[in-house]
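Data from data_0.cif: mmCIF, C-alpha atoms and all ligand atoms
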data_protein
#
loop_
_atom_site.label_atom_id
_atom_site.label_comp_id
_atom_site.auth_asym_id
_atom_site.auth_seq_id
_atom_site.Cartn_x
_atom_site.Cartn_y
_atom_site.Cartn_z
CA MET A 298 65.64 -2.53 -8.98
CA LYS A 299 63.06 -5.07 -10.06
CA ILE A 300 59.46 -3.90 -10.48
CA THR A 301 56.54 -6.32 -10.61
CA PRO A 302 53.25 -4.72 -11.67
CA LEU A 303 50.65 -6.61 -9.61
CA GLY A 304 48.04 -4.73 -11.59
CA VAL A 305 47.85 -1.76 -13.91
CA GLY A 306 44.13 -1.02 -14.12
CA GLY A 307 41.90 1.82 -13.01
CA ALA A 308 39.55 1.71 -10.04
CA PHE A 309 36.81 -0.25 -11.86
CA THR A 310 39.07 -2.67 -13.71
CA LYS A 311 37.74 -6.17 -14.28
CA THR A 312 40.75 -7.69 -16.00
CA ASN A 313 43.92 -5.84 -14.98
CA TYR A 314 43.74 -5.56 -11.17
CA HIS A 315 44.40 -2.33 -9.33
CA ASN A 316 47.50 -0.26 -10.00
CA ASN A 317 49.72 -1.75 -7.29
CA TYR A 318 53.41 -2.71 -7.51
CA ILE A 319 56.15 -4.67 -5.84
CA PHE A 320 59.53 -2.93 -5.97
CA GLN A 321 62.41 -5.25 -5.09
CA LEU A 322 65.21 -3.08 -3.71
CA GLY A 323 68.17 -5.30 -2.89
CA GLU A 324 66.80 -7.80 -0.36
CA LYS A 325 63.79 -5.64 0.57
CA LEU A 326 60.30 -5.64 -0.92
CA LEU A 327 58.30 -2.42 -1.12
CA LEU A 328 54.60 -2.67 -1.94
CA VAL A 329 53.26 0.46 -3.62
CA ASP A 330 49.59 0.83 -2.73
CA ALA A 331 47.20 -1.87 -1.58
CA GLY A 332 43.90 -1.89 -3.49
CA THR A 333 41.02 -4.26 -2.95
CA THR A 334 42.34 -6.61 -5.65
CA LEU A 335 45.60 -7.12 -3.71
CA ARG A 336 44.31 -10.35 -2.12
CA THR A 337 44.35 -11.93 -5.59
CA SER A 338 47.01 -9.98 -7.46
CA LEU A 339 49.72 -10.54 -4.85
CA THR A 340 49.29 -14.32 -4.89
CA GLU A 341 49.16 -14.45 -8.69
CA ALA A 342 52.49 -12.64 -8.81
CA GLY A 343 53.97 -15.26 -6.46
CA TYR A 344 54.20 -13.21 -3.26
CA ARG A 345 52.72 -13.58 0.24
CA TYR A 346 51.65 -10.82 2.63
CA THR A 347 54.45 -11.86 4.96
CA ASP A 348 57.09 -11.23 2.27
CA ILE A 349 56.48 -7.47 2.26
CA ASP A 350 58.95 -5.23 4.14
CA PHE A 351 57.30 -1.85 3.52
CA VAL A 352 54.03 -0.61 2.06
CA TYR A 353 53.61 2.90 0.72
CA ILE A 354 50.11 4.41 0.52
CA SER A 355 49.70 7.25 -1.98
CA HIS A 356 46.08 8.23 -1.20
CA LEU A 357 42.85 6.83 0.20
CA HIS A 358 40.88 5.73 -2.88
CA PHE A 359 39.83 2.08 -2.53
CA ASP A 360 42.04 0.90 -5.40
CA HIS A 361 45.04 2.10 -3.37
CA VAL A 362 44.10 1.34 0.23
CA GLY A 363 41.11 -1.04 0.15
CA GLY A 364 43.30 -4.11 0.67
CA LEU A 365 45.53 -2.69 3.38
CA GLU A 366 43.54 -3.73 6.45
CA GLU A 367 43.41 -7.37 5.33
CA MET A 368 47.15 -7.33 4.71
CA ILE A 369 47.83 -5.84 8.16
CA LEU A 370 45.61 -8.40 9.89
CA GLN A 371 46.95 -11.38 7.97
CA ARG A 372 50.49 -10.35 8.89
CA TYR A 373 49.49 -9.84 12.53
CA TRP A 374 47.85 -13.28 12.63
CA ASN A 375 50.92 -14.96 11.23
CA PHE A 376 51.57 -18.43 12.61
CA GLU A 377 54.85 -20.34 12.41
CA ASN A 378 54.93 -23.97 13.58
CA GLY A 379 51.66 -23.41 15.42
CA HIS A 380 52.94 -20.33 17.27
CA HIS A 381 51.54 -16.84 16.85
CA VAL A 382 54.35 -14.70 15.41
CA PRO A 383 52.77 -11.29 14.75
CA LEU A 384 54.40 -9.22 12.04
CA LYS A 385 53.93 -5.47 12.25
CA THR A 386 53.34 -3.76 8.92
CA LYS A 387 55.63 -0.82 8.16
CA ILE A 388 53.61 1.83 6.36
CA ILE A 389 55.37 4.69 4.58
CA VAL A 390 53.12 7.73 4.37
CA HIS A 391 53.39 11.44 3.55
CA GLU A 392 52.91 13.48 6.72
CA LYS A 393 49.84 15.16 5.19
CA LEU A 394 48.05 11.81 4.80
CA PHE A 395 49.14 10.25 8.09
CA HIS A 396 46.25 11.47 10.26
CA SER A 397 43.55 10.38 7.75
CA LEU A 398 45.16 6.99 7.19
CA ARG A 399 45.56 6.34 10.91
CA THR A 400 41.93 7.34 11.51
CA LEU A 401 40.75 5.02 8.74
CA LEU A 402 42.64 2.05 10.20
CA SER A 403 41.59 2.94 13.76
CA GLN A 404 37.95 2.25 12.94
CA SER A 405 38.64 -1.47 12.95
CA LEU A 406 42.01 -1.89 14.68
CA ASN A 407 41.39 0.14 17.85
CA THR A 408 39.36 -2.70 19.37
CA ASN A 409 39.76 -5.21 22.21
CA GLY A 410 42.08 -2.78 23.96
CA GLN A 411 44.49 -2.64 21.07
CA VAL A 412 45.48 0.33 18.93
CA VAL A 413 46.71 0.74 15.38
CA GLU A 414 50.33 0.85 16.53
CA ASP A 415 50.01 -2.72 17.84
CA PHE A 416 49.61 -3.79 14.20
CA CYS A 417 51.54 -1.15 12.25
CA GLN A 418 54.58 1.01 12.38
CA PHE A 419 54.18 4.27 10.50
CA VAL A 420 57.15 5.78 8.70
CA ILE A 421 56.04 9.38 8.29
CA LEU A 422 57.92 11.42 5.71
CA LYS A 423 57.80 15.20 5.48
CA ASN A 424 57.22 16.73 2.06
CA GLU A 425 60.33 16.12 -0.07
CA GLY A 426 61.60 14.03 2.84
CA SER A 427 63.59 10.83 2.21
CA MET A 428 64.38 7.48 3.70
CA PHE A 429 66.72 4.71 2.66
CA ILE A 430 65.56 1.24 1.66
CA GLU A 431 68.82 -0.66 1.33
CA ASP A 432 70.94 1.77 -0.71
CA TYR A 433 67.97 3.23 -2.58
CA THR A 434 66.61 6.66 -1.65
CA PHE A 435 62.83 6.97 -1.41
CA THR A 436 61.57 10.56 -1.48
CA VAL A 437 57.90 11.59 -1.31
CA PHE A 438 56.39 14.69 -2.87
CA ASP A 439 52.99 16.26 -2.33
CA THR A 440 50.39 16.05 -5.12
CA THR A 441 47.36 17.06 -3.03
CA ASN A 442 44.50 18.50 -5.15
CA ALA A 443 46.31 17.52 -8.36
CA HIS A 444 44.50 14.15 -8.59
CA GLN A 445 41.10 15.38 -7.39
CA GLU A 446 40.13 18.56 -5.59
CA GLY A 447 40.24 17.87 -1.87
CA MET A 448 42.16 14.59 -2.18
CA ILE A 449 45.39 14.34 -0.18
CA SER A 450 47.89 12.44 -2.32
CA SER A 451 51.59 12.02 -2.93
CA GLY A 452 54.03 10.56 -5.43
CA PHE A 453 57.64 9.53 -5.00
CA LYS A 454 61.09 9.47 -6.47
CA LEU A 455 63.11 6.30 -5.97
CA GLY A 456 66.60 5.27 -6.94
CA ARG A 457 70.29 5.72 -6.56
CA LYS A 458 72.68 8.47 -7.57
CA ASP A 459 72.76 7.88 -11.33
CA ASN A 460 69.56 5.97 -11.74
CA SER A 461 66.14 6.91 -10.43
CA LEU A 462 62.47 6.91 -11.34
CA VAL A 463 59.54 9.17 -10.68
CA TYR A 464 56.20 7.64 -9.70
CA THR A 465 53.28 10.05 -10.10
CA SER A 466 50.53 7.99 -8.48
CA ASP A 467 47.04 9.12 -9.55
CA ILE A 468 47.28 12.54 -11.14
CA LYS A 469 45.27 14.88 -13.34
CA ARG A 470 46.78 18.35 -13.01
CA LEU A 471 50.38 17.81 -14.06
CA GLU A 472 51.51 21.42 -13.96
CA GLN A 473 49.98 22.02 -10.57
CA ALA A 474 51.90 19.03 -9.21
CA ASN A 475 55.06 20.35 -10.90
CA LEU A 476 56.12 16.79 -11.72
CA ILE A 477 58.88 17.94 -14.02
CA SER A 478 60.73 19.36 -11.00
CA HIS A 479 61.42 15.77 -9.90
CA VAL A 480 62.90 14.75 -13.25
CA ASP A 481 66.66 15.15 -13.69
CA ASP A 482 69.65 13.58 -15.46
CA SER A 483 69.34 10.47 -13.28
CA THR A 484 65.73 9.78 -14.33
CA VAL A 485 65.38 6.53 -16.28
CA ALA A 486 61.60 6.21 -16.03
CA ILE A 487 58.47 8.16 -15.21
CA PHE A 488 55.69 5.89 -13.98
CA GLN A 489 52.79 8.02 -15.11
CA ASP A 490 49.04 7.80 -14.58
CA VAL A 491 47.63 7.89 -18.14
CA SER A 492 44.01 7.69 -19.17
CA PHE A 493 43.18 6.93 -22.79
CA THR A 494 39.72 8.43 -22.47
CA THR A 495 38.59 11.88 -21.28
CA ASN A 496 38.74 11.85 -17.55
CA GLY A 497 38.31 14.26 -14.65
CA ALA A 498 40.68 12.50 -12.27
CA HIS A 499 43.47 11.17 -14.49
CA ALA A 500 45.69 12.84 -17.09
CA THR A 501 44.89 11.90 -20.68
CA LEU A 502 47.59 10.76 -23.10
CA ASP A 503 47.45 14.15 -24.85
CA GLU A 504 47.85 16.00 -21.57
CA VAL A 505 50.84 13.85 -20.66
CA LEU A 506 52.54 14.28 -24.04
CA ASN A 507 51.96 18.03 -24.00
CA TYR A 508 53.30 18.39 -20.49
CA TYR A 509 56.61 16.54 -20.81
CA PRO A 510 59.30 17.64 -23.31
CA ALA A 511 59.49 15.30 -26.32
CA GLN A 512 62.89 13.89 -25.31
CA LEU A 513 61.29 12.48 -22.15
CA HIS A 514 58.41 10.68 -23.88
CA GLU A 515 60.32 7.40 -24.26
CA LYS A 516 60.86 7.38 -20.48
CA ILE A 517 57.13 7.53 -19.74
CA TYR A 518 55.67 4.26 -18.46
CA ALA A 519 51.88 4.52 -18.74
CA MET A 520 49.89 2.89 -15.93
CA HIS A 521 46.43 2.96 -14.30
CA TYR A 522 44.68 2.73 -17.66
CA ASN A 523 41.28 1.40 -18.75
CA ASP A 524 40.67 -2.25 -19.61
CA ASN A 525 39.99 -1.45 -23.29
CA ILE A 526 43.65 -0.61 -23.90
CA THR A 527 43.93 -2.62 -27.13
CA GLU A 528 41.77 -0.01 -28.88
CA PHE A 529 44.55 2.53 -28.32
CA GLU A 530 47.63 0.53 -29.36
CA GLU A 531 48.14 2.62 -32.49
CA PHE A 532 48.21 5.85 -30.46
CA ILE A 533 50.65 4.34 -27.98
CA GLN A 534 53.05 3.29 -30.74
CA GLN A 535 52.88 6.74 -32.34
CA ALA A 536 53.43 8.40 -28.99
CA ASN A 537 56.67 6.48 -28.35
CA ILE A 538 55.85 5.76 -24.72
CA GLN A 539 56.10 2.53 -22.74
CA LEU A 540 53.06 0.68 -21.47
CA VAL A 541 53.29 -1.10 -18.12
CA LYS A 542 51.64 -4.51 -18.28
CA ARG A 543 50.34 -6.63 -15.45
CA GLY A 544 52.90 -9.25 -14.43
CA LYS A 545 55.53 -8.07 -16.90
CA ILE A 546 58.61 -7.41 -14.78
CA ILE A 547 60.64 -4.25 -15.42
CA GLU A 548 64.25 -4.02 -14.26
CA PHE A 549 66.60 -1.08 -13.87
CA LYS A 550 70.20 -1.19 -12.65
ZN ZN A 601 42.73 7.78 -7.01
#

Give the structure from this file in structure tokens form.
Ligand SMILES: [Zn+2]
Amino acid sequence: MKITPLGVGGAFTKTNYHNNYIFQLGEKLLLVDAGTTLRTSLTEAGYRYTDIDFVYISHLHFDHVGGLEEMILQRYWNFENGHHVPLKTKIIVHEKLFHSLRTLLSQSLNTNGQVVEDFCQFVILKNEGSMFIEDYTFTVFDTTNAHQEGMISSGFKLGRKDNSLVYTSDIKRLEQANLISHVDDSTVAIFQDVSFTTNGAHATLDEVLNYYPAQLHEKIYAMHYNDNITEFEEFIQQANIQLVKRGKIIEFK
């Protein structure tokens, strides 16, 4: 599993792009979230829209979905040797979010007699439901209200039998989301939303360290942080956690 962080920043980042990732799983590419900075971050990382096999959308904040429509349309208007070769975009979504996401996309795609399904294929997963991407298992779990009250959201677990990671997506209320229930002996990494300043929508470093048992701290990969991260380097070193950096590829067996 090869993970390319297209960006690691929060919603208002100016320097780190939105917290979106490419997971290479065998021959397949999974894009995790599609923020408004995707149009730049994807190219900078050396990928094209047409390279992507699946996109997973965790929730409907603009830094996670604001770039999705452009991606869908650019794939649909794909030309090869002068011929229109439309590529449908496969979107993995928690069943709770499906209706809202489809409605959002319908506003622009249900036009000229076409409907969303002419452009996209939804892969709808029930809570704790799984699918295979190559020989990796992708399982979604509900985190609704744990990021912000009233926000439908989900995280996922991804991996193989002896080797998997937990991806929290945006999260504030760690206990409410019961994240620890997704951690087991196979867990090699926890991709965790961490804010280094007091924040109503994202867990702070203290909240994260207090929530997870100390033996798990070295498996925490902090993401979705503010641009002024260098001010907190000392805390990060003391905390013995990993920091995900834009463009710095992470690989697991
Ligand atoms: Zn969010």

#### Entry: Which of A:Ile526, A:Met428, A:Ile449, A:Leu384 sits closest to ligand ZN 601 (chain A) [using only C-alpha atoms and all ligand atoms]
A:Ile449

### Query
Hey, what's within 9 Å of Glu504 of chain A if we count all atoms listed in the file and toss same-chain stuff fewer than 5 positions away? As a PyMOL selection string, please?
chain A and resi 469-471+491+509

### Task
Find the residues with any atom within 6 Å of (51.1, -8.5, 17.8); use only C-alpha atoms and the coordinates as given in the file, and write the answer as a list in words.
Tyr373, Pro383 and Asp415 of chain A

Skip segment 354-359 of chain A itself and residues of its chain fewer than 5 positions away, then list as a PDB file with C-alpha atoms, keeping the file's coordinate frame all residues within 9 Å of it, counting only C-alpha atoms.
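Writing the result to out_29.pdb gives the following:
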ATOM      1  CA  ALA A 308      39.550   1.710 -10.040  1.00  0.00           C
ATOM      2  CA  LEU A 328      54.600  -2.670  -1.940  1.00  0.00           C
ATOM      3  CA  VAL A 329      53.260   0.460  -3.620  1.00  0.00           C
ATOM      4  CA  ASP A 330      49.590   0.830  -2.730  1.00  0.00           C
ATOM      5  CA  ALA A 331      47.200  -1.870  -1.580  1.00  0.00           C
ATOM      6  CA  GLY A 332      43.900  -1.890  -3.490  1.00  0.00           C
ATOM      7  CA  THR A 333      41.020  -4.260  -2.950  1.00  0.00           C
ATOM      8  CA  GLY A 364      43.300  -4.110   0.670  1.00  0.00           C
ATOM      9  CA  LEU A 365      45.530  -2.690   3.380  1.00  0.00           C
ATOM     10  CA  ILE A 388      53.610   1.830   6.360  1.00  0.00           C
ATOM     11  CA  ILE A 389      55.370   4.690   4.580  1.00  0.00           C
ATOM     12  CA  VAL A 390      53.120   7.730   4.370  1.00  0.00           C
ATOM     13  CA  HIS A 391      53.390  11.440   3.550  1.00  0.00           C
ATOM     14  CA  LEU A 394      48.050  11.810   4.800  1.00  0.00           C
ATOM     15  CA  SER A 397      43.550  10.380   7.750  1.00  0.00           C
ATOM     16  CA  LEU A 398      45.160   6.990   7.190  1.00  0.00           C
ATOM     17  CA  LEU A 401      40.750   5.020   8.740  1.00  0.00           C
ATOM     18  CA  MET A 448      42.160  14.590  -2.180  1.00  0.00           C
ATOM     19  CA  ILE A 449      45.390  14.340  -0.180  1.00  0.00           C
ATOM     20  CA  SER A 450      47.890  12.440  -2.320  1.00  0.00           C
ATOM     21  CA  SER A 451      51.590  12.020  -2.930  1.00  0.00           C
ATOM     22  CA  GLY A 452      54.030  10.560  -5.430  1.00  0.00           C
ATOM     23  CA  PHE A 453      57.640   9.530  -5.000  1.00  0.00           C
ATOM     24  CA  SER A 466      50.530   7.990  -8.480  1.00  0.00           C
ATOM     25  CA  ASP A 467      47.040   9.120  -9.550  1.00  0.00           C
TER      26      ASP A 467
END

### Task
Go through A:Tyr518, A:Phe309, A:Phe429, A:Phe549 one by one, measure the shortest atom-to-atom distance of each to ligand ZN 601 (chain A) using only C-alpha atoms and all ligand atoms, and give the residue with the smallest value.
A:Phe309

### Message
What's the separation between atom CA of Leu455 of chain A and atom CA of Val437 of chain A, in Å to one decimal place?
### Response
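Atom CA of Leu455 of chain A sits 8.8 Å away from atom CA of Val437 of chain A.
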
### Query
Which residue out of A:Ser492, A:Tyr508, A:Arg345, A:Glu366 has the minimum interatomic distance to Gln404 of chain A when only C-alpha atoms are used?
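Smallest distance to Gln404 of chain A is found for A:Glu366.
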
### Query
In Å to one decimal, how far is atom CA of Glu367 of chain A from atom CA of Ile468 of chain A?
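That distance, rounded to one decimal, is 26.1 Å.
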
#### Entry: Point-to-point distance from atom CA of Lys387 of chain A to atom CA of Leu422 of chain A, Å rounded to tenths
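Spanning atom CA of Lys387 of chain A to atom CA of Leu422 of chain A is a straight-line distance of 12.7 Å.
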
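Shortest separation to ligand ZN 601 (chain A) among A:Gly306, A:Gly426, A:Gly544, A:Gly379 occurs at residue A:Gly306, atoms counted being all atoms listed in the file.
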
### Task
Find, counting all atoms listed in the file, the residue in A:Gln445, A:Asn525, A:Ser478, A:Ser403 that gets nearest to Glu425 of chain A.
A:Ser478

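Distances here use only C-alpha atoms and all ligand atoms; by that measure, the residue among A:Lys423, A:Lys545, A:His521, A:Lys516 closest to ligand ZN 601 (chain A) is A:His521.
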
### Task
Write out as a list in words the residues lying within 10 Å of Leu327 of chain A, counting all atoms listed in the file and excluding same-chain residues fewer than 2 positions away.
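The contact residues come out as Ile300, Tyr318, Ile319, Phe320, Gln321, Leu322, Lys325, Val329, Asp330, Asp348, Ile349, Asp350, Phe351, Val352, Tyr353, Lys387, Ile388, Ile389 and Ile430 of chain A.
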
### Query
Can you tell me, as a list in words, what residues are no more than 9 Å from segment 337-343 of chain A when counting all atoms listed in the file, ignoring any on the same chain fewer than 6 positions away?
Thr301, Pro302, Leu303, Gly304, Tyr314, His315, Asn317, Ile319 and Gly544 of chain A

### Task
Show me as a PyMOL selection string the residues that reach within 12 Å of (47.0, 0.6, 16.0), counting all atoms listed in the file and using the file's own coordinates.
chain A and resi 366+369-370+373+385-388+398-419

Emit segment 325-383 of chain A of the structure in the block as a file comprising C-alpha atoms, as a compact mmCIF listing (two decimals), in the first residue's frame.
# COMPACT_ATOMS: atom_id res chain seq x y z
CA LYS A 325 -5.76 0.41 -8.42
CA LEU A 326 -5.79 4.03 -7.30
CA LEU A 327 -8.21 5.19 -4.61
CA LEU A 328 -8.65 8.93 -4.11
CA VAL A 329 -9.71 9.81 -0.57
CA ASP A 330 -11.76 13.00 -0.68
CA ALA A 331 -11.76 15.66 -3.38
CA GLY A 332 -11.41 19.20 -2.02
CA THR A 333 -11.33 22.37 -4.05
CA THR A 334 -7.51 22.28 -4.18
CA LEU A 335 -7.58 18.90 -5.97
CA ARG A 336 -7.24 20.55 -9.40
CA THR A 337 -3.74 21.65 -8.38
CA SER A 338 -2.67 19.07 -5.82
CA LEU A 339 -3.39 16.08 -8.04
CA THR A 340 -1.24 17.40 -10.90
CA GLU A 341 1.59 18.39 -8.55
CA ALA A 342 1.67 14.82 -7.24
CA GLY A 343 1.98 13.54 -10.83
CA TYR A 344 -1.53 12.13 -11.32
CA ARG A 345 -4.36 12.85 -13.78
CA TYR A 346 -8.10 12.68 -13.14
CA THR A 347 -8.30 9.77 -15.57
CA ASP A 348 -5.84 7.72 -13.48
CA ILE A 349 -8.26 7.39 -10.57
CA ASP A 350 -10.20 4.11 -10.17
CA PHE A 351 -12.29 4.99 -7.10
CA VAL A 352 -13.00 8.10 -5.07
CA TYR A 353 -14.24 7.94 -1.50
CA ILE A 354 -16.11 10.94 -0.05
CA SER A 355 -16.11 11.19 3.75
CA HIS A 356 -18.43 14.20 4.17
CA LEU A 357 -19.66 17.29 2.34
CA HIS A 358 -17.37 20.09 3.56
CA PHE A 359 -15.79 21.89 0.60
CA ASP A 360 -12.27 20.70 1.43
CA HIS A 361 -13.51 17.13 0.90
CA VAL A 362 -16.01 17.43 -1.94
CA GLY A 363 -15.49 20.84 -3.57
CA GLY A 364 -13.34 19.40 -6.36
CA LEU A 365 -15.47 16.35 -7.11
CA GLU A 366 -17.74 17.81 -9.78
CA GLU A 367 -14.79 19.05 -11.84
CA MET A 368 -13.16 15.64 -11.59
CA ILE A 369 -16.37 13.89 -12.69
CA LEU A 370 -16.83 16.22 -15.66
CA GLN A 371 -13.21 16.09 -16.78
CA ARG A 372 -13.36 12.29 -16.74
CA TYR A 373 -16.66 12.32 -18.63
CA TRP A 374 -15.22 14.68 -21.26
CA ASN A 375 -12.20 12.48 -21.79
CA PHE A 376 -10.93 12.41 -25.37
CA GLU A 377 -8.59 9.81 -26.85
CA ASN A 378 -7.26 10.35 -30.39
CA GLY A 379 -10.00 12.90 -30.99
CA HIS A 380 -12.79 10.54 -29.87
CA HIS A 381 -15.01 11.11 -26.86
CA VAL A 382 -14.33 8.26 -24.43
CA PRO A 383 -16.38 9.08 -21.32
